[in-house]
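Structure data follow from start10.pdb (PDB, C-alpha atoms and all ligand atoms):
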```pdb
ATOM      1  CA  MET A   1       9.408 -32.490 -13.689
ATOM      2  CA  LYS A   2      10.443 -28.824 -13.256
ATOM      3  CA  THR A   3       8.790 -26.781 -10.507
ATOM      4  CA  PHE A   4       7.725 -23.159 -10.912
ATOM      5  CA  THR A   5       6.586 -20.139  -8.879
ATOM      6  CA  LEU A   6       3.412 -18.609 -10.297
ATOM      7  CA  ILE A   7       3.150 -14.845  -9.738
ATOM      8  CA  THR A   8      -0.123 -13.328 -10.906
ATOM      9  CA  GLY A   9       0.057  -9.638 -11.770
ATOM     10  CA  SER A  10       3.767  -9.831 -12.533
ATOM     11  CA  SER A  11       3.499  -7.552 -15.574
ATOM     12  CA  SER A  12       3.598  -4.536 -13.272
ATOM     13  CA  GLY A  13       4.348  -3.008  -9.887
ATOM     14  CA  ILE A  14       4.790  -5.246  -6.854
ATOM     15  CA  GLY A  15       4.329  -8.520  -8.782
ATOM     16  CA  GLN A  16       6.981  -7.492 -11.298
ATOM     17  CA  ASN A  17       9.443  -6.680  -8.514
ATOM     18  CA  ILE A  18       8.791 -10.071  -6.862
ATOM     19  CA  ALA A  19       9.283 -11.895 -10.180
ATOM     20  CA  ILE A  20      12.576 -10.183 -10.997
ATOM     21  CA  LYS A  21      13.936 -10.863  -7.502
ATOM     22  CA  LEU A  22      12.899 -14.529  -7.357
ATOM     23  CA  SER A  23      14.038 -15.268 -10.919
ATOM     24  CA  SER A  24      17.663 -15.445  -9.765
ATOM     25  CA  TYR A  25      16.949 -18.702  -7.928
ATOM     26  CA  LYS A  26      13.542 -19.959  -9.077
ATOM     27  CA  ASN A  27      11.720 -20.855 -12.287
ATOM     28  CA  ILE A  28       8.967 -18.285 -12.731
ATOM     29  CA  ILE A  29       5.556 -18.135 -14.416
ATOM     30  CA  LEU A  30       4.854 -14.510 -15.261
ATOM     31  CA  HIS A  31       1.186 -13.605 -15.462
ATOM     32  CA  GLY A  32      -0.846 -10.664 -16.755
ATOM     33  CA  ARG A  33      -3.090  -9.771 -19.679
ATOM     34  CA  ASP A  34      -0.618  -8.133 -22.023
ATOM     35  CA  ARG A  35       2.016 -10.371 -23.622
ATOM     36  CA  SER A  36       4.232  -7.476 -24.725
ATOM     37  CA  LYS A  37       4.430  -6.152 -21.133
ATOM     38  CA  LEU A  38       5.201  -9.676 -19.900
ATOM     39  CA  GLU A  39       7.934 -10.134 -22.538
ATOM     40  CA  LYS A  40       9.551  -6.913 -21.267
ATOM     41  CA  VAL A  41       9.464  -8.202 -17.664
ATOM     42  CA  LYS A  42      10.959 -11.487 -18.886
ATOM     43  CA  MET A  43      13.903  -9.494 -20.289
ATOM     44  CA  MET A  44      14.419  -7.955 -16.835
ATOM     45  CA  CYS A  45      14.456 -11.350 -15.109
ATOM     46  CA  SER A  46      17.586 -13.396 -14.521
ATOM     47  CA  ASN A  47      18.305 -15.876 -17.295
ATOM     48  CA  ASP A  48      19.732 -18.395 -14.832
ATOM     49  CA  ASN A  49      16.284 -20.000 -14.600
ATOM     50  CA  GLU A  50      13.291 -20.692 -16.800
ATOM     51  CA  ILE A  51      10.631 -18.024 -17.314
ATOM     52  CA  LEU A  52       7.203 -18.932 -18.738
ATOM     53  CA  ILE A  53       4.314 -16.613 -19.552
ATOM     54  CA  TRP A  54       0.671 -17.313 -18.672
ATOM     55  CA  GLU A  55      -1.466 -14.676 -20.370
ATOM     56  CA  ASN A  56      -4.909 -14.624 -18.843
ATOM     57  CA  ASP A  57      -7.609 -12.084 -18.002
ATOM     58  CA  LEU A  58      -8.745 -12.816 -14.438
ATOM     59  CA  LYS A  59     -12.004 -10.913 -14.997
ATOM     60  CA  LYS A  60     -13.124 -13.904 -17.056
ATOM     61  CA  ILE A  61     -13.386 -16.228 -14.077
ATOM     62  CA  GLU A  62     -15.156 -18.968 -16.000
ATOM     63  CA  GLU A  63     -11.994 -19.484 -18.107
ATOM     64  CA  ILE A  64      -9.381 -19.579 -15.325
ATOM     65  CA  GLU A  65      -9.537 -23.249 -14.318
ATOM     66  CA  ASN A  66      -9.275 -24.623 -17.869
ATOM     67  CA  SER A  67      -6.659 -22.116 -18.905
ATOM     68  CA  LEU A  68      -4.362 -22.867 -15.947
ATOM     69  CA  SER A  69      -4.760 -26.643 -15.960
ATOM     70  CA  ASN A  70      -4.032 -26.707 -19.725
ATOM     71  CA  PHE A  71      -1.005 -24.469 -19.149
ATOM     72  CA  ILE A  72       0.376 -26.842 -16.501
ATOM     73  CA  ARG A  73      -0.258 -29.877 -18.686
ATOM     74  CA  ASP A  74       1.041 -28.381 -21.962
ATOM     75  CA  ASN A  75       4.277 -27.184 -20.344
ATOM     76  CA  ASN A  76       4.682 -30.409 -18.352
ATOM     77  CA  ILE A  77       5.481 -28.505 -15.140
ATOM     78  CA  LEU A  78       4.474 -28.350 -11.480
ATOM     79  CA  ILE A  79       3.706 -25.231  -9.447
ATOM     80  CA  ASN A  80       5.209 -25.285  -5.957
ATOM     81  CA  THR A  81       4.628 -21.637  -4.978
ATOM     82  CA  PHE A  82       1.732 -19.315  -5.816
ATOM     83  CA  ILE A  83       1.868 -15.567  -5.216
ATOM     84  CA  HIS A  84      -1.320 -13.675  -6.044
ATOM     85  CA  SER A  85      -0.310 -10.092  -6.706
ATOM     86  CA  ALA A  86      -2.865  -9.297  -9.428
ATOM     87  CA  GLY A  87      -5.273  -6.696  -8.163
ATOM     88  CA  TYR A  88      -7.827  -4.160  -9.346
ATOM     89  CA  MET A  89      -8.592  -0.977  -7.433
ATOM     90  CA  LYS A  90     -10.995   1.734  -8.503
ATOM     91  CA  MET A  91     -11.646   4.518  -6.022
ATOM     92  CA  LEU A  92     -15.315   5.467  -6.156
ATOM     93  CA  PRO A  93     -17.896   6.416  -3.519
ATOM     94  CA  PHE A  94     -20.091   3.368  -2.973
ATOM     95  CA  LYS A  95     -23.265   5.199  -4.044
ATOM     96  CA  MET A  96     -21.709   5.645  -7.502
ATOM     97  CA  SER A  97     -20.618   2.041  -7.866
ATOM     98  CA  SER A  98     -22.106  -0.462 -10.290
ATOM     99  CA  PHE A  99     -22.635  -4.223 -10.399
ATOM    100  CA  SER A 100     -19.871  -4.527 -12.999
ATOM    101  CA  LEU A 101     -17.365  -2.707 -10.757
ATOM    102  CA  ILE A 102     -18.248  -5.003  -7.830
ATOM    103  CA  GLN A 103     -17.925  -8.037 -10.085
ATOM    104  CA  GLU A 104     -14.601  -7.018 -11.657
ATOM    105  CA  THR A 105     -13.055  -6.174  -8.268
ATOM    106  CA  LEU A 106     -14.132  -9.457  -6.694
ATOM    107  CA  ASN A 107     -13.166 -11.500  -9.760
ATOM    108  CA  VAL A 108      -9.606 -10.170  -9.978
ATOM    109  CA  ASN A 109      -8.835  -9.764  -6.271
ATOM    110  CA  LEU A 110     -10.673 -12.715  -4.729
ATOM    111  CA  ILE A 111     -12.388 -15.284  -6.945
ATOM    112  CA  SER A 112      -9.399 -15.754  -9.254
ATOM    113  CA  ALA A 113      -7.222 -16.490  -6.183
ATOM    114  CA  MET A 114      -9.757 -19.118  -5.105
ATOM    115  CA  LEU A 115      -9.930 -20.768  -8.532
ATOM    116  CA  ILE A 116      -6.155 -20.795  -8.998
ATOM    117  CA  SER A 117      -5.763 -22.279  -5.493
ATOM    118  CA  LYS A 118      -8.319 -24.935  -6.437
ATOM    119  CA  ILE A 119      -6.320 -25.996  -9.501
ATOM    120  CA  ILE A 120      -2.877 -25.993  -7.928
ATOM    121  CA  THR A 121      -4.032 -27.943  -4.856
ATOM    122  CA  ASN A 122      -5.640 -30.583  -7.073
ATOM    123  CA  LYS A 123      -3.235 -33.539  -6.870
ATOM    124  CA  LYS A 124      -4.367 -34.865 -10.263
ATOM    125  CA  ILE A 125      -3.335 -31.626 -11.971
ATOM    126  CA  ASN A 126      -0.437 -30.380  -9.849
ATOM    127  CA  ASN A 127       0.662 -33.598  -8.164
ATOM    128  CA  LEU A 128       1.878 -33.093  -4.559
ATOM    129  CA  ASP A 129       4.410 -30.402  -5.116
ATOM    130  CA  LEU A 130       2.787 -27.264  -3.680
ATOM    131  CA  SER A 131       4.536 -25.767  -0.641
ATOM    132  CA  CYS A 132       3.378 -22.197  -0.241
ATOM    133  CA  ILE A 133       0.684 -19.668  -1.165
ATOM    134  CA  ILE A 134       0.920 -15.906  -0.578
ATOM    135  CA  PHE A 135      -1.879 -13.430  -1.239
ATOM    136  CA  ILE A 136      -0.972  -9.777  -1.686
ATOM    137  CA  SER A 137      -3.856  -8.236   0.212
ATOM    138  CA  SER A 138      -3.828  -4.638   1.532
ATOM    139  CA  ASN A 139      -3.683  -2.877   4.875
ATOM    140  CA  ILE A 140      -7.246  -1.734   4.150
ATOM    141  CA  SER A 141      -8.312  -5.343   4.809
ATOM    142  CA  ASN A 142      -8.772  -4.642   8.542
ATOM    143  CA  PHE A 143      -9.880  -1.012   8.222
ATOM    144  CA  GLY A 144     -12.051   1.273   6.098
ATOM    145  CA  ALA A 145     -11.399   4.180   3.743
ATOM    146  CA  LYS A 146     -13.538   6.533   1.685
ATOM    147  CA  ALA A 147     -14.231   5.365  -1.883
ATOM    148  CA  LEU A 148     -12.628   1.982  -1.238
ATOM    149  CA  SER A 149     -15.431  -0.097   0.274
ATOM    150  CA  ILE A 150     -15.580  -2.641  -2.565
ATOM    151  CA  TYR A 151     -11.799  -2.964  -2.857
ATOM    152  CA  GLY A 152     -11.564  -3.245   0.956
ATOM    153  CA  ALA A 153     -14.236  -5.951   1.012
ATOM    154  CA  SER A 154     -12.378  -7.933  -1.648
ATOM    155  CA  LYS A 155      -9.178  -7.877   0.429
ATOM    156  CA  SER A 156     -10.954  -8.718   3.726
ATOM    157  CA  ALA A 157     -12.567 -11.692   2.000
ATOM    158  CA  LEU A 158      -9.228 -12.718   0.517
ATOM    159  CA  ASP A 159      -7.739 -12.788   4.022
ATOM    160  CA  GLY A 160     -10.722 -14.765   5.332
ATOM    161  CA  PHE A 161     -10.161 -17.287   2.549
ATOM    162  CA  MET A 162      -6.437 -17.349   3.390
ATOM    163  CA  ARG A 163      -7.152 -18.423   6.991
ATOM    164  CA  GLY A 164      -9.562 -21.185   6.022
ATOM    165  CA  LEU A 165      -7.258 -22.477   3.308
ATOM    166  CA  ALA A 166      -4.284 -22.440   5.699
ATOM    167  CA  ILE A 167      -6.145 -24.801   8.005
ATOM    168  CA  GLU A 168      -7.411 -27.048   5.210
ATOM    169  CA  LEU A 169      -3.947 -27.400   3.672
ATOM    170  CA  SER A 170      -1.977 -27.709   6.927
ATOM    171  CA  SER A 171      -2.078 -31.512   6.872
ATOM    172  CA  ARG A 172      -0.180 -31.337   3.549
ATOM    173  CA  LYS A 173       2.305 -28.838   5.060
ATOM    174  CA  ILE A 174       1.238 -26.221   2.526
ATOM    175  CA  ARG A 175       1.517 -22.796   4.153
ATOM    176  CA  VAL A 176      -0.843 -19.949   3.242
ATOM    177  CA  ASN A 177      -0.289 -16.318   4.309
ATOM    178  CA  SER A 178      -1.265 -12.777   3.299
ATOM    179  CA  ILE A 179       0.857  -9.662   2.985
ATOM    180  CA  LEU A 180      -0.969  -6.379   3.648
ATOM    181  CA  PRO A 181       1.026  -3.509   2.132
ATOM    182  CA  GLY A 182       0.465   0.168   2.791
ATOM    183  CA  GLY A 183       0.856   2.694  -0.026
ATOM    184  CA  ILE A 184       3.514   1.766  -2.581
ATOM    185  CA  LYS A 185       4.237   3.765  -5.744
ATOM    186  CA  THR A 186       3.192   1.578  -8.694
ATOM    187  CA  PRO A 187       1.026   2.115 -11.796
ATOM    188  CA  MET A 188      -1.992   1.332  -9.550
ATOM    189  CA  THR A 189      -1.316   4.322  -7.316
ATOM    190  CA  GLU A 190       0.491   6.693  -9.675
ATOM    191  CA  ASN A 191      -2.412   9.195  -9.721
ATOM    192  CA  ILE A 192      -2.040   9.593  -5.956
ATOM    193  CA  TYR A 193       1.764   9.770  -6.074
ATOM    194  CA  ASN A 194       1.723  12.301  -8.925
ATOM    195  CA  ASP A 195      -0.299  14.710  -6.765
ATOM    196  CA  SER A 196       2.539  16.250  -4.726
ATOM    197  CA  GLU A 197       0.266  18.018  -2.233
ATOM    198  CA  LEU A 198      -1.730  14.840  -1.566
ATOM    199  CA  ILE A 199       1.331  12.624  -1.268
ATOM    200  CA  SER A 200       3.042  14.979   1.218
ATOM    201  CA  ARG A 201      -0.098  14.799   3.378
ATOM    202  CA  ILE A 202      -0.211  10.989   3.114
ATOM    203  CA  GLU A 203       3.511  10.694   3.871
ATOM    204  CA  LEU A 204       2.995  12.398   7.247
ATOM    205  CA  GLN A 205       0.847   9.427   8.294
ATOM    206  CA  TYR A 206       3.680   6.938   7.699
ATOM    207  CA  PRO A 207       6.060   6.900  10.700
ATOM    208  CA  LEU A 208       8.786   5.205   8.625
ATOM    209  CA  GLY A 209       7.988   7.182   5.446
ATOM    210  CA  LEU A 210       6.649   5.717   2.212
ATOM    211  CA  GLY A 211       7.474   2.166   1.180
ATOM    212  CA  GLU A 212       8.677   0.542  -2.035
ATOM    213  CA  SER A 213       7.870  -2.669  -3.908
ATOM    214  CA  ASN A 214      11.194  -4.018  -2.674
ATOM    215  CA  ASP A 215       9.922  -3.901   0.930
ATOM    216  CA  ILE A 216       7.134  -6.268  -0.082
ATOM    217  CA  SER A 217       9.297  -8.665  -2.091
ATOM    218  CA  ASN A 218      11.751  -8.926   0.837
ATOM    219  CA  LEU A 219       8.911 -10.284   2.987
ATOM    220  CA  VAL A 220       7.807 -12.600   0.169
ATOM    221  CA  GLU A 221      11.305 -14.079   0.123
ATOM    222  CA  PHE A 222      11.099 -14.839   3.832
ATOM    223  CA  LEU A 223       7.599 -16.334   3.579
ATOM    224  CA  ILE A 224       8.512 -18.705   0.757
ATOM    225  CA  SER A 225      11.691 -19.843   2.524
ATOM    226  CA  ASP A 226      12.118 -22.637   5.049
ATOM    227  CA  ASN A 227      12.848 -19.947   7.655
ATOM    228  CA  SER A 228       9.079 -19.467   7.882
ATOM    229  CA  ARG A 229       8.270 -23.198   8.073
ATOM    230  CA  TRP A 230       6.077 -22.731  11.204
ATOM    231  CA  ILE A 231       4.110 -19.729   9.923
ATOM    232  CA  THR A 232       0.702 -20.132   8.324
ATOM    233  CA  GLY A 233      -2.675 -18.402   8.277
ATOM    234  CA  GLN A 234      -1.274 -14.951   9.090
ATOM    235  CA  GLN A 235      -1.790 -11.401   7.862
ATOM    236  CA  PHE A 236       1.538  -9.561   7.636
ATOM    237  CA  VAL A 237       0.944  -5.810   7.681
ATOM    238  CA  ILE A 238       3.880  -4.009   6.092
ATOM    239  CA  ASP A 239       3.109  -0.318   6.008
ATOM    240  CA  GLY A 240       5.854   1.578   7.836
ATOM    241  CA  GLY A 241       3.655   1.827  10.922
ATOM    242  CA  ARG A 242       0.761   3.589   9.137
ATOM    243  CA  THR A 243      -2.041   1.541  10.675
ATOM    244  CA  ILE A 244      -0.775   1.624  14.268
ATOM    245  CA  ASN A 245      -0.179   5.366  14.243
ATOM    246  CA  ILE A 246      -2.771   7.172  16.369
ATOM    247  CA  SER A 247      -0.737  10.348  16.891
ATOM    248  CA  GLY A 248      -2.879  13.498  16.876
TER     249      GLY A 248
HETATM  250  N1  LIG B 301       0.425  -0.181  -4.696
HETATM  251  C1  LIG B 301      -0.117  -0.097  -3.499
HETATM  252  O1  LIG B 301      -0.072   0.943  -2.828
HETATM  253  C2  LIG B 301      -0.791  -1.291  -2.907
HETATM  254  C3  LIG B 301      -1.171  -1.225  -1.548
HETATM  255  C4  LIG B 301      -1.802  -2.326  -0.972
HETATM  256  C5  LIG B 301      -2.032  -3.451  -1.730
HETATM  257  N2  LIG B 301      -1.681  -3.495  -3.045
HETATM  258  C6  LIG B 301      -1.955  -4.717  -3.785
HETATM  259  O2  LIG B 301      -0.763  -5.157  -4.362
HETATM  260  C7  LIG B 301      -1.047  -5.902  -5.554
HETATM  261  C8  LIG B 301      -0.192  -5.391  -6.690
HETATM  262  O3  LIG B 301      -0.583  -4.037  -6.955
HETATM  263  P1  LIG B 301       0.373  -3.028  -7.723
HETATM  264  O4  LIG B 301       0.407  -1.787  -6.912
HETATM  265  O5  LIG B 301       1.619  -3.700  -8.122
HETATM  266  O6  LIG B 301      -0.549  -2.699  -8.996
HETATM  267  P2  LIG B 301      -0.242  -2.633 -10.565
HETATM  268  O7  LIG B 301       1.124  -2.127 -10.824
HETATM  269  O8  LIG B 301      -1.401  -1.917 -11.145
HETATM  270  O9  LIG B 301      -0.295  -4.175 -10.995
HETATM  271  C9  LIG B 301      -1.514  -4.851 -11.003
HETATM  272  C10 LIG B 301      -1.289  -6.172 -11.663
HETATM  273  O10 LIG B 301      -2.553  -6.873 -11.654
HETATM  274  C11 LIG B 301      -2.822  -7.311 -12.965
HETATM  275  N3  LIG B 301      -4.251  -7.313 -13.275
HETATM  276  C12 LIG B 301      -5.149  -6.347 -13.025
HETATM  277  N4  LIG B 301      -6.348  -6.692 -13.550
HETATM  278  C13 LIG B 301      -6.170  -7.909 -14.127
HETATM  279  C14 LIG B 301      -7.019  -8.792 -14.844
HETATM  280  N5  LIG B 301      -8.294  -8.492 -15.105
HETATM  281  N6  LIG B 301      -6.511  -9.962 -15.284
HETATM  282  C15 LIG B 301      -5.203 -10.272 -15.068
HETATM  283  N7  LIG B 301      -4.352  -9.481 -14.408
HETATM  284  C16 LIG B 301      -4.833  -8.313 -13.953
HETATM  285  C17 LIG B 301      -2.140  -6.302 -13.877
HETATM  286  O11 LIG B 301      -1.956  -6.892 -15.149
HETATM  287  P3  LIG B 301      -1.995  -6.031 -16.510
HETATM  288  O12 LIG B 301      -0.602  -5.532 -16.721
HETATM  289  O13 LIG B 301      -2.420  -7.018 -17.541
HETATM  290  O14 LIG B 301      -2.974  -4.916 -16.291
HETATM  291  C18 LIG B 301      -0.851  -6.041 -13.118
HETATM  292  O15 LIG B 301       0.107  -7.021 -13.418
HETATM  293  C19 LIG B 301      -2.550  -5.736  -5.803
HETATM  294  O16 LIG B 301      -3.216  -6.884  -5.352
HETATM  295  C20 LIG B 301      -2.915  -4.533  -4.946
HETATM  296  O17 LIG B 301      -4.264  -4.596  -4.540
HETATM  297  C21 LIG B 301      -1.054  -2.439  -3.645
END
```
The structure given in the file should be rewritten as structure tokens.
Amino acid sequence: MKTFTLITGSSSGIGQNIAIKLSSYKNIILHGRDRSKLEKVKMMCSNDNEILIWENDLKKIEEIENSLSNFIRDNNILINTFIHSAGYMKMLPFKMSSFSLIQETLNVNLISAMLISKIITNKKINNLDLSCIIFISSNISNFGAKALSIYGASKSALDGFMRGLAIELSSRKIRVNSILPGGIKTPMTENIYNDSELISRIELQYPLGLGESNDISNLVEFLISDNSRWITGQQFVIDGGRTINISG
């Protein structure tokens, strides 16, 4: 049976960059909500390997398990690597937040990762083939920022889940890690990057300057390779030194 790498949120930004890079040597499952966007990403991927599309709205958490297990069964495939890059971020002071914002943020960033992990670690559905899980978290996971308390909580919880899962799956040699990027220019952050005054101020806080999606996918490549065979349960901050910079 053919094995695939599932990359949620690969219709855009960091997930798209990871998918294009990995497609030169892996079969890929592209994921997002919009088939036309996913078809465009498919065109950008290498045609040396197979590319499938799983269209699914992760807000609708009650549908995820059935949708993914049917997808695996109908395509007669196995998933050996899972990269959760799908994410939802809305900047809003907490006092202005709503139950639906809390729910959508947690569903997309956290609960969907849990439910997908549940399906792909189920030996009856995905046999024994899984080797690696990576969550794209955020450097906010260990810190705080104005208007990002709900998003930050979703990423901290994702990293907490990552550690527990890493221990639970260690006996099967399945490795689970998180990557915590700093600011990267993608559709998620384009409002910030389009404000030249704001972005020049932010840039000053990054000792190595601003990063790119490619910086994240380079680390993904290492973490899915055998070169990281003894690494599990870790948060990898990749933010050009932003979070260790206490210069005045
Ligand atoms: N960019 C940054 O500065 C930065 C920094 C730290 C962490 N991150 C994290 O990196 C990851 C990727 O972010 P990005 O910057 O690449 O953002 P992006 O370009 O906006 O991509 C977000 C992806 O998530 C998917 N998504 C969002 N809501 C969804 C839903 N309800 N159901 C299914 N898919 C959904 C989007 O799919 P659609 O195309 O269907 O909308 C898209 O593929 C996120 O987890 C984000 O939190 C980003």
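Coordinates place atom CA of Ile199 of chain A at a distance of 27.5 Å from atom CA of Asp159 of chain A.
The shortest atom-to-atom distance to Ser12 of chain A, with all atoms listed in the file taken into account, belongs to A:Lys42 out of A:Lys155, A:Lys26, A:Lys42, A:Lys60.
Coordinates place atom CA of Cys45 of chain A at a distance of 25.0 Å from atom CA of Ser112 of chain A.
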Mind checking which residues fall within 8 Å of segment 66-76 of chain A, counting all atoms listed in the file, ignoring those fewer than 2 positions away in the same chain, and posting them as a PyMOL selection string? chain A and resi 1-2+54+56+63-64+78-79+116+119+125-126
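Atom CA of Ser217 of chain A sits 12.2 Å away from atom N2 of ligand LIG 301 (chain B).
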When you count all atoms listed in the file, which of these residues is closest to ligand LIG 301 (chain B): A:Asn191, A:Ser170, A:Asn80, A:Ser23? A:Asn191
Step by step, measure atom-to-atom distances between ligand LIG 301 (chain B) and each residue using all atoms listed in the file, keep those at most 9 Å, then write them as a PyMOL selection string. chain A and resi 8-17+31-35+37-38+55-60+84-89+104-105+107-109+112+135-140+151+155+179-190+211-213+239
Restricting it to C-alpha atoms, dump the selection as a PDB file, in the frame of the given file.
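Wrote selection16.pdb, looks like this:
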```pdb
ATOM      1  CA  THR A   8      -0.123 -13.328 -10.906  1.00  0.00           C
ATOM      2  CA  GLY A   9       0.057  -9.638 -11.770  1.00  0.00           C
ATOM      3  CA  SER A  10       3.767  -9.831 -12.533  1.00  0.00           C
ATOM      4  CA  SER A  11       3.499  -7.552 -15.574  1.00  0.00           C
ATOM      5  CA  SER A  12       3.598  -4.536 -13.272  1.00  0.00           C
ATOM      6  CA  GLY A  13       4.348  -3.008  -9.887  1.00  0.00           C
ATOM      7  CA  ILE A  14       4.790  -5.246  -6.854  1.00  0.00           C
ATOM      8  CA  GLY A  15       4.329  -8.520  -8.782  1.00  0.00           C
ATOM      9  CA  GLN A  16       6.981  -7.492 -11.298  1.00  0.00           C
ATOM     10  CA  ASN A  17       9.443  -6.680  -8.514  1.00  0.00           C
ATOM     11  CA  HIS A  31       1.186 -13.605 -15.462  1.00  0.00           C
ATOM     12  CA  GLY A  32      -0.846 -10.664 -16.755  1.00  0.00           C
ATOM     13  CA  ARG A  33      -3.090  -9.771 -19.679  1.00  0.00           C
ATOM     14  CA  ASP A  34      -0.618  -8.133 -22.023  1.00  0.00           C
ATOM     15  CA  ARG A  35       2.016 -10.371 -23.622  1.00  0.00           C
ATOM     16  CA  LYS A  37       4.430  -6.152 -21.133  1.00  0.00           C
ATOM     17  CA  LEU A  38       5.201  -9.676 -19.900  1.00  0.00           C
ATOM     18  CA  GLU A  55      -1.466 -14.676 -20.370  1.00  0.00           C
ATOM     19  CA  ASN A  56      -4.909 -14.624 -18.843  1.00  0.00           C
ATOM     20  CA  ASP A  57      -7.609 -12.084 -18.002  1.00  0.00           C
ATOM     21  CA  LEU A  58      -8.745 -12.816 -14.438  1.00  0.00           C
ATOM     22  CA  LYS A  59     -12.004 -10.913 -14.997  1.00  0.00           C
ATOM     23  CA  LYS A  60     -13.124 -13.904 -17.056  1.00  0.00           C
ATOM     24  CA  HIS A  84      -1.320 -13.675  -6.044  1.00  0.00           C
ATOM     25  CA  SER A  85      -0.310 -10.092  -6.706  1.00  0.00           C
ATOM     26  CA  ALA A  86      -2.865  -9.297  -9.428  1.00  0.00           C
ATOM     27  CA  GLY A  87      -5.273  -6.696  -8.163  1.00  0.00           C
ATOM     28  CA  TYR A  88      -7.827  -4.160  -9.346  1.00  0.00           C
ATOM     29  CA  MET A  89      -8.592  -0.977  -7.433  1.00  0.00           C
ATOM     30  CA  GLU A 104     -14.601  -7.018 -11.657  1.00  0.00           C
ATOM     31  CA  THR A 105     -13.055  -6.174  -8.268  1.00  0.00           C
ATOM     32  CA  ASN A 107     -13.166 -11.500  -9.760  1.00  0.00           C
ATOM     33  CA  VAL A 108      -9.606 -10.170  -9.978  1.00  0.00           C
ATOM     34  CA  ASN A 109      -8.835  -9.764  -6.271  1.00  0.00           C
ATOM     35  CA  SER A 112      -9.399 -15.754  -9.254  1.00  0.00           C
ATOM     36  CA  PHE A 135      -1.879 -13.430  -1.239  1.00  0.00           C
ATOM     37  CA  ILE A 136      -0.972  -9.777  -1.686  1.00  0.00           C
ATOM     38  CA  SER A 137      -3.856  -8.236   0.212  1.00  0.00           C
ATOM     39  CA  SER A 138      -3.828  -4.638   1.532  1.00  0.00           C
ATOM     40  CA  ASN A 139      -3.683  -2.877   4.875  1.00  0.00           C
ATOM     41  CA  ILE A 140      -7.246  -1.734   4.150  1.00  0.00           C
ATOM     42  CA  TYR A 151     -11.799  -2.964  -2.857  1.00  0.00           C
ATOM     43  CA  LYS A 155      -9.178  -7.877   0.429  1.00  0.00           C
ATOM     44  CA  ILE A 179       0.857  -9.662   2.985  1.00  0.00           C
ATOM     45  CA  LEU A 180      -0.969  -6.379   3.648  1.00  0.00           C
ATOM     46  CA  PRO A 181       1.026  -3.509   2.132  1.00  0.00           C
ATOM     47  CA  GLY A 182       0.465   0.168   2.791  1.00  0.00           C
ATOM     48  CA  GLY A 183       0.856   2.694  -0.026  1.00  0.00           C
ATOM     49  CA  ILE A 184       3.514   1.766  -2.581  1.00  0.00           C
ATOM     50  CA  LYS A 185       4.237   3.765  -5.744  1.00  0.00           C
ATOM     51  CA  THR A 186       3.192   1.578  -8.694  1.00  0.00           C
ATOM     52  CA  PRO A 187       1.026   2.115 -11.796  1.00  0.00           C
ATOM     53  CA  MET A 188      -1.992   1.332  -9.550  1.00  0.00           C
ATOM     54  CA  THR A 189      -1.316   4.322  -7.316  1.00  0.00           C
ATOM     55  CA  GLU A 190       0.491   6.693  -9.675  1.00  0.00           C
ATOM     56  CA  GLY A 211       7.474   2.166   1.180  1.00  0.00           C
ATOM     57  CA  GLU A 212       8.677   0.542  -2.035  1.00  0.00           C
ATOM     58  CA  SER A 213       7.870  -2.669  -3.908  1.00  0.00           C
ATOM     59  CA  ASP A 239       3.109  -0.318   6.008  1.00  0.00           C
TER      60      ASP A 239
END
```
